[in-house]
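K.L.:
Below is one structure. I have some questions about it.
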Amino acid sequence: MSAVAKTIAPLRRVGSPSCAWVEVDGRHLLSFGGSGYLGLGDQPDLIEAGVAALRRFGVHSQLGRHYGYALGANLEAEQAARAFFDVDGAMYFGSGYLFGLIAMPALADFCDAIFIDEAAHYSLRDGARASGRPVHTFLHCDAADLGRQLARKLPQGGRPMVATDGMFATRGTIAPLDAYAALLKRHAGWLVVDESHAFGVLGAQGRGAVEACGIARDRVVAGGSMAKAFGAHGGIALGAAAVIERLWRTPAARGAALGCSAGAAMTARSLQLVRLRPELRARLHTNAQLLKRSLRHLGLAIDDNGSPIAAFIVDDAQRMRNIQEALMKEDIFIAYSNYVGAGPEGILRVAAFADHLESDISRLQVALGRILLGAPARMGLQTGGRS
């Protein structure tokens, strides 16, 4: 066996929807991993919507949007998105990862340079490269550094595009979009926001970080995955109708955007359901606050960032893997993450869901407290600043 093969961890088989409880390798685990924030993974209405779409439309249409055809399920998803987000332009496509590759090349004619958060998602990095414009990074969630980079690197009279996650996947940090928008206003710039983890979670109506930060959408294109809080599949982009029309002309939109009818139908139904059930977000926020208080009670430095994500470091990578494995032995799953923004040693990531019970969070606190007894002194993470 090669050295590379020896480093690959065995796959665990997931045998159920991903909710507060999940079946893994035949075991029922209390889960604080992943991003099913609103607890909709096993929602019957969504599942039935997907099944009905498959029966009616088949898997997908062979007739592309660029030929003047659109699958009915996709149009229904776009109509639901316009209603939920109160915008006049919405686009449904097959994967949230395509957002950066669609949005940023579409706006390339409107900008002379791109400024991207150093911890931005891979999708935005790929989109920035695909745009063909010069790309510069700024310090994570640091509006002052963005201002410095604009002053140093934007050509005289140039038009910038700023790209960032709305809520960062690993640590839950929320970008200061209002400060970015104020800087961009001086330069007639554009803001591209990956809202994958913020959709359904942030803002008074669950419309994401753009809503939570109170900025106008006139020079903003926001979008991302519907497979997180909304429990569906595919991606959406939001903006002015004329701008969304430009997005449809990009190579990624023409070549890979249609997606599956079931994903589109589930997206439409989930948007409608979440709009009618604000108590889902209320329950999520209550659970998130309880989770973070419980972890702080154990001496962990948990950032109070308004997200359902709590992330922390205990000693080093091996120690954190050991903690994760010890919790697994008690049928509790949390993520040891080395995803984008985690840092070289990785991080333990815990997320609250709307379908967690208070007793679930108490069970995690008790189990983790036992495991942390005798842990090295370096516990916690100050999550402000750079990732």
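Naming scheme: A, B, ... for chains in displayed order of the structure tokens; residues 1 onward per chain; ligands 1 onward as shown.
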Leaving out segment 125-131 of chain A and any residue of its chain fewer than 6 positions from it, which residues lie within 7 Å of it when counting only C-alpha atoms, given as number ranges by chain?
P.N.:
A: 100-101, 104-105, 108, 114
K.L.:
Residues of segment 196-322 of chain A classed as helix (DSSP H, G or I) by DSSP on the backbone are to be reported as a ChimeraX atom specification.
P.N.:
/A:209-212,241-247,251-256,261-276,279-297,317-322
K.L.:
Counting only C-alpha atoms, figure out which residue out of A:Leu46, A:Leu184, A:Ala268, A:Cys141 gets nearest to Ala83 of chain A.
P.N.:
A:Ala268
K.L.:
Could you list, as number ranges by chain, every residue within 10 Å of Cys213 of chain A, counting only C-alpha atoms and ignoring same-chain residues fewer than 6 positions away?
P.N.:
A: 166, 174-179, 181, 202-203
K.L.:
Give me the residues within 6 Å of Thr164 of chain A as a PDB file with N, CA and C atoms, in the first residue's frame, counting only C-alpha atoms and dropping any in the same chain fewer than 4 places off.
P.N.:
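Full text of out_27.pdb as output:
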```
ATOM      1  N   ASP A 117     -11.651  38.611   0.398  1.00  0.00           N
ATOM      2  CA  ASP A 117     -11.259  38.241   1.755  1.00  0.00           C
ATOM      3  C   ASP A 117     -10.307  37.052   1.691  1.00  0.00           C
ATOM      4  N   ALA A 120     -11.942  33.701   2.054  1.00  0.00           N
ATOM      5  CA  ALA A 120     -13.150  33.469   1.264  1.00  0.00           C
ATOM      6  C   ALA A 120     -13.216  32.033   0.770  1.00  0.00           C
ATOM      7  N   VAL A 193     -21.422  38.469  -2.595  1.00  0.00           N
ATOM      8  CA  VAL A 193     -21.497  37.849  -1.271  1.00  0.00           C
ATOM      9  C   VAL A 193     -21.965  36.409  -1.414  1.00  0.00           C
TER      10      VAL A 193
END
```
K.L.:
Which one of A:Gly200, A:Gly341, A:Gly234, A:Gly189 sits closest to Val221 of chain A if you count only C-alpha atoms?
P.N.:
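Under the stated criterion, the closest residue is A:Gly189.
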K.L.:
Which residue, A:Cys111, A:Leu38, A:Leu71, A:Ile215, has the smallest gap to Gly158 of chain A when you use only C-alpha atoms?
P.N.:
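Checking each of A:Cys111, A:Leu38, A:Leu71, A:Ile215 against Gly158 of chain A, counting only C-alpha atoms, the winner is A:Cys111.
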K.L.:
Got a sec: who's within 10 Å of Glu78 of chain A, counting only C-alpha atoms, leaving out chain neighbours fewer than 5 positions off, as a ChimeraX atom specification?
P.N.:
/A:72-73,83-84,88-93,236-238,264,267-268
K.L.:
Limited to C-alpha atoms, could you put the picked residues into a file as a short mmCIF file (atom, residue, chain, number, x, y, z; two decimals), in the first residue's frame?
P.N.:
```
data_model
loop_
_atom_site.label_atom_id
_atom_site.label_comp_id
_atom_site.auth_asym_id
_atom_site.auth_seq_id
_atom_site.Cartn_x
_atom_site.Cartn_y
_atom_site.Cartn_z
CA GLY A 72 -40.94 24.46 -14.80
CA ALA A 73 -39.39 23.40 -11.48
CA ALA A 83 -40.69 36.40 -3.13
CA PHE A 84 -38.59 35.24 -0.16
CA ASP A 88 -36.68 41.37 -8.85
CA GLY A 89 -33.98 39.03 -10.17
CA ALA A 90 -33.26 35.44 -9.13
CA MET A 91 -31.46 32.55 -10.80
CA TYR A 92 -31.58 28.86 -9.86
CA PHE A 93 -28.68 26.57 -10.80
CA ILE A 236 -29.39 30.64 -6.28
CA ALA A 237 -28.15 34.10 -7.23
CA LEU A 238 -30.01 37.30 -6.37
CA ALA A 264 -35.37 22.95 -7.77
CA THR A 267 -35.78 24.72 -3.10
CA ALA A 268 -39.13 26.30 -4.00
#
```
K.L.:
So what do you get for atom CA of Leu146 of chain A versus atom CA of Ala163 of chain A, distance-wise?
P.N.:
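Result for atom CA of Leu146 of chain A versus atom CA of Ala163 of chain A: 11.0 Å, one decimal.
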K.L.:
Hey, what's within 12 Å of Val51 of chain A if we count only C-alpha atoms and toss same-chain stuff fewer than 6 positions away? As a ChimeraX atom specification, please?
P.N.:
/A:44-45,57-59,73,260-266
K.L.:
Which is closer to His197 of chain A than all the others in A:Leu183, A:Leu54, A:Cys19, A:Ala351, using only C-alpha atoms?
P.N.:
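Selected residue with least distance to His197 of chain A: A:Ala351.
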K.L.:
If you run DSSP over the backbone, which residues in segment 121-315 of chain A end up strand (DSSP E or B)? Put them as a PyMOL selection string.
P.N.:
chain A and resi 135-138+160-165+167+174+190-194+220-225+235-239+309-312+314
K.L.:
Output N, CA and C atoms for every residue in that selection, as a short mmCIF file (atom, residue, chain, number, x, y, z; two decimals), in the first residue's frame.
P.N.:
```cif
data_model
loop_
_atom_site.label_atom_id
_atom_site.label_comp_id
_atom_site.auth_asym_id
_atom_site.auth_seq_id
_atom_site.Cartn_x
_atom_site.Cartn_y
_atom_site.Cartn_z
N VAL A 135 -6.49 40.22 -9.13
CA VAL A 135 -7.08 39.80 -7.86
C VAL A 135 -6.14 40.16 -6.71
N HIS A 136 -6.68 40.82 -5.69
CA HIS A 136 -5.93 41.18 -4.50
C HIS A 136 -6.69 40.69 -3.28
N THR A 137 -5.98 40.30 -2.22
CA THR A 137 -6.63 39.86 -1.00
C THR A 137 -6.55 40.95 0.06
N PHE A 138 -7.49 40.90 1.01
CA PHE A 138 -7.42 41.77 2.18
C PHE A 138 -7.60 40.92 3.43
N PRO A 160 -13.84 48.79 -8.35
CA PRO A 160 -13.52 47.54 -7.66
C PRO A 160 -14.71 46.61 -7.55
N MET A 161 -14.40 45.32 -7.40
CA MET A 161 -15.37 44.33 -6.96
C MET A 161 -14.81 43.74 -5.68
N VAL A 162 -15.64 43.66 -4.65
CA VAL A 162 -15.24 43.03 -3.38
C VAL A 162 -16.02 41.74 -3.24
N ALA A 163 -15.32 40.65 -2.92
CA ALA A 163 -15.93 39.34 -2.80
C ALA A 163 -15.67 38.77 -1.41
N THR A 164 -16.71 38.25 -0.78
CA THR A 164 -16.58 37.72 0.58
C THR A 164 -17.72 36.75 0.86
N ASP A 165 -17.50 35.85 1.80
CA ASP A 165 -18.61 35.11 2.39
C ASP A 165 -19.42 36.09 3.24
N MET A 167 -21.42 34.80 5.89
CA MET A 167 -21.10 34.14 7.16
C MET A 167 -20.12 33.02 6.82
N ILE A 174 -19.14 36.80 10.76
CA ILE A 174 -20.02 37.52 9.85
C ILE A 174 -19.26 38.72 9.29
N TRP A 190 -18.79 47.04 -6.87
CA TRP A 190 -19.77 45.97 -6.71
C TRP A 190 -19.34 45.05 -5.58
N LEU A 191 -20.35 44.49 -4.91
CA LEU A 191 -20.11 43.55 -3.82
C LEU A 191 -20.73 42.21 -4.18
N VAL A 192 -19.91 41.14 -4.10
CA VAL A 192 -20.37 39.77 -4.36
C VAL A 192 -20.28 39.01 -3.05
N VAL A 193 -21.42 38.47 -2.60
CA VAL A 193 -21.50 37.85 -1.27
C VAL A 193 -21.96 36.41 -1.41
N ASP A 194 -21.12 35.47 -0.96
CA ASP A 194 -21.52 34.07 -0.87
C ASP A 194 -22.28 33.89 0.44
N VAL A 220 -25.19 44.89 -5.41
CA VAL A 220 -24.83 43.64 -4.73
C VAL A 220 -25.38 42.47 -5.54
N VAL A 221 -24.55 41.44 -5.72
CA VAL A 221 -25.02 40.14 -6.18
C VAL A 221 -24.72 39.16 -5.05
N ALA A 222 -25.77 38.55 -4.52
CA ALA A 222 -25.64 37.58 -3.44
C ALA A 222 -26.13 36.23 -3.92
N GLY A 223 -25.59 35.17 -3.33
CA GLY A 223 -26.05 33.85 -3.75
C GLY A 223 -25.31 32.76 -3.01
N GLY A 224 -25.61 31.53 -3.39
CA GLY A 224 -24.94 30.40 -2.77
C GLY A 224 -25.82 29.18 -2.71
N SER A 225 -25.52 28.30 -1.78
CA SER A 225 -26.13 26.97 -1.71
C SER A 225 -27.48 26.97 -1.01
N GLY A 235 -28.29 25.91 -6.14
CA GLY A 235 -27.87 27.24 -5.72
C GLY A 235 -28.74 28.30 -6.32
N ILE A 236 -28.67 29.50 -5.74
CA ILE A 236 -29.39 30.64 -6.28
C ILE A 236 -28.46 31.85 -6.31
N ALA A 237 -28.78 32.79 -7.19
CA ALA A 237 -28.15 34.10 -7.23
C ALA A 237 -29.24 35.14 -7.24
N LEU A 238 -29.00 36.26 -6.55
CA LEU A 238 -30.01 37.30 -6.37
C LEU A 238 -29.43 38.64 -6.76
N GLY A 239 -30.25 39.47 -7.39
CA GLY A 239 -29.83 40.80 -7.75
C GLY A 239 -30.87 41.47 -8.62
N ILE A 309 -22.75 28.80 14.77
CA ILE A 309 -21.50 28.04 14.76
C ILE A 309 -20.63 28.45 15.95
N ALA A 310 -20.11 27.45 16.65
CA ALA A 310 -19.12 27.67 17.71
C ALA A 310 -17.88 26.88 17.33
N ALA A 311 -16.74 27.56 17.29
CA ALA A 311 -15.49 26.89 16.89
C ALA A 311 -14.42 27.18 17.93
N PHE A 312 -13.59 26.18 18.22
CA PHE A 312 -12.58 26.36 19.26
C PHE A 312 -11.42 25.39 19.03
N VAL A 314 -8.36 23.19 21.01
CA VAL A 314 -7.84 22.63 22.25
C VAL A 314 -6.48 22.02 21.94
#
```
K.L.:
Of the residues A:Pro10, A:His28, A:Asp316, A:Arg82, which is the one nearest to Glu330 of chain A, using only C-alpha atoms?
P.N.:
A:His28
K.L.:
Quote the spacing between atom CA of Arg277 of chain A and atom CA of Ala227 of chain A in Å to one decimal place.
P.N.:
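Atom-to-atom, atom CA of Arg277 of chain A to atom CA of Ala227 of chain A, that is 18.1 Å.
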K.L.:
Could you name the residues that touch Ala106 of chain A at 8 Å or less, counting only C-alpha atoms, but leaving out those on the same chain fewer than 2 positions away, as number ranges by chain?
P.N.:
A: 102-104, 108-109, 131, 246-247, 249-250
K.L.:
What separation in Å, quoted to one decimal, exists between atom CA of Gln289 of chain A and atom CA of Ala352 of chain A?
P.N.:
8.8 Å
K.L.:
Between A:Leu348, A:Ala53, A:Ile332, A:Ile244, single out the one closest to Arg27 of chain A, counting only C-alpha atoms.
P.N.:
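Under the stated criterion, the closest residue is A:Ile332.
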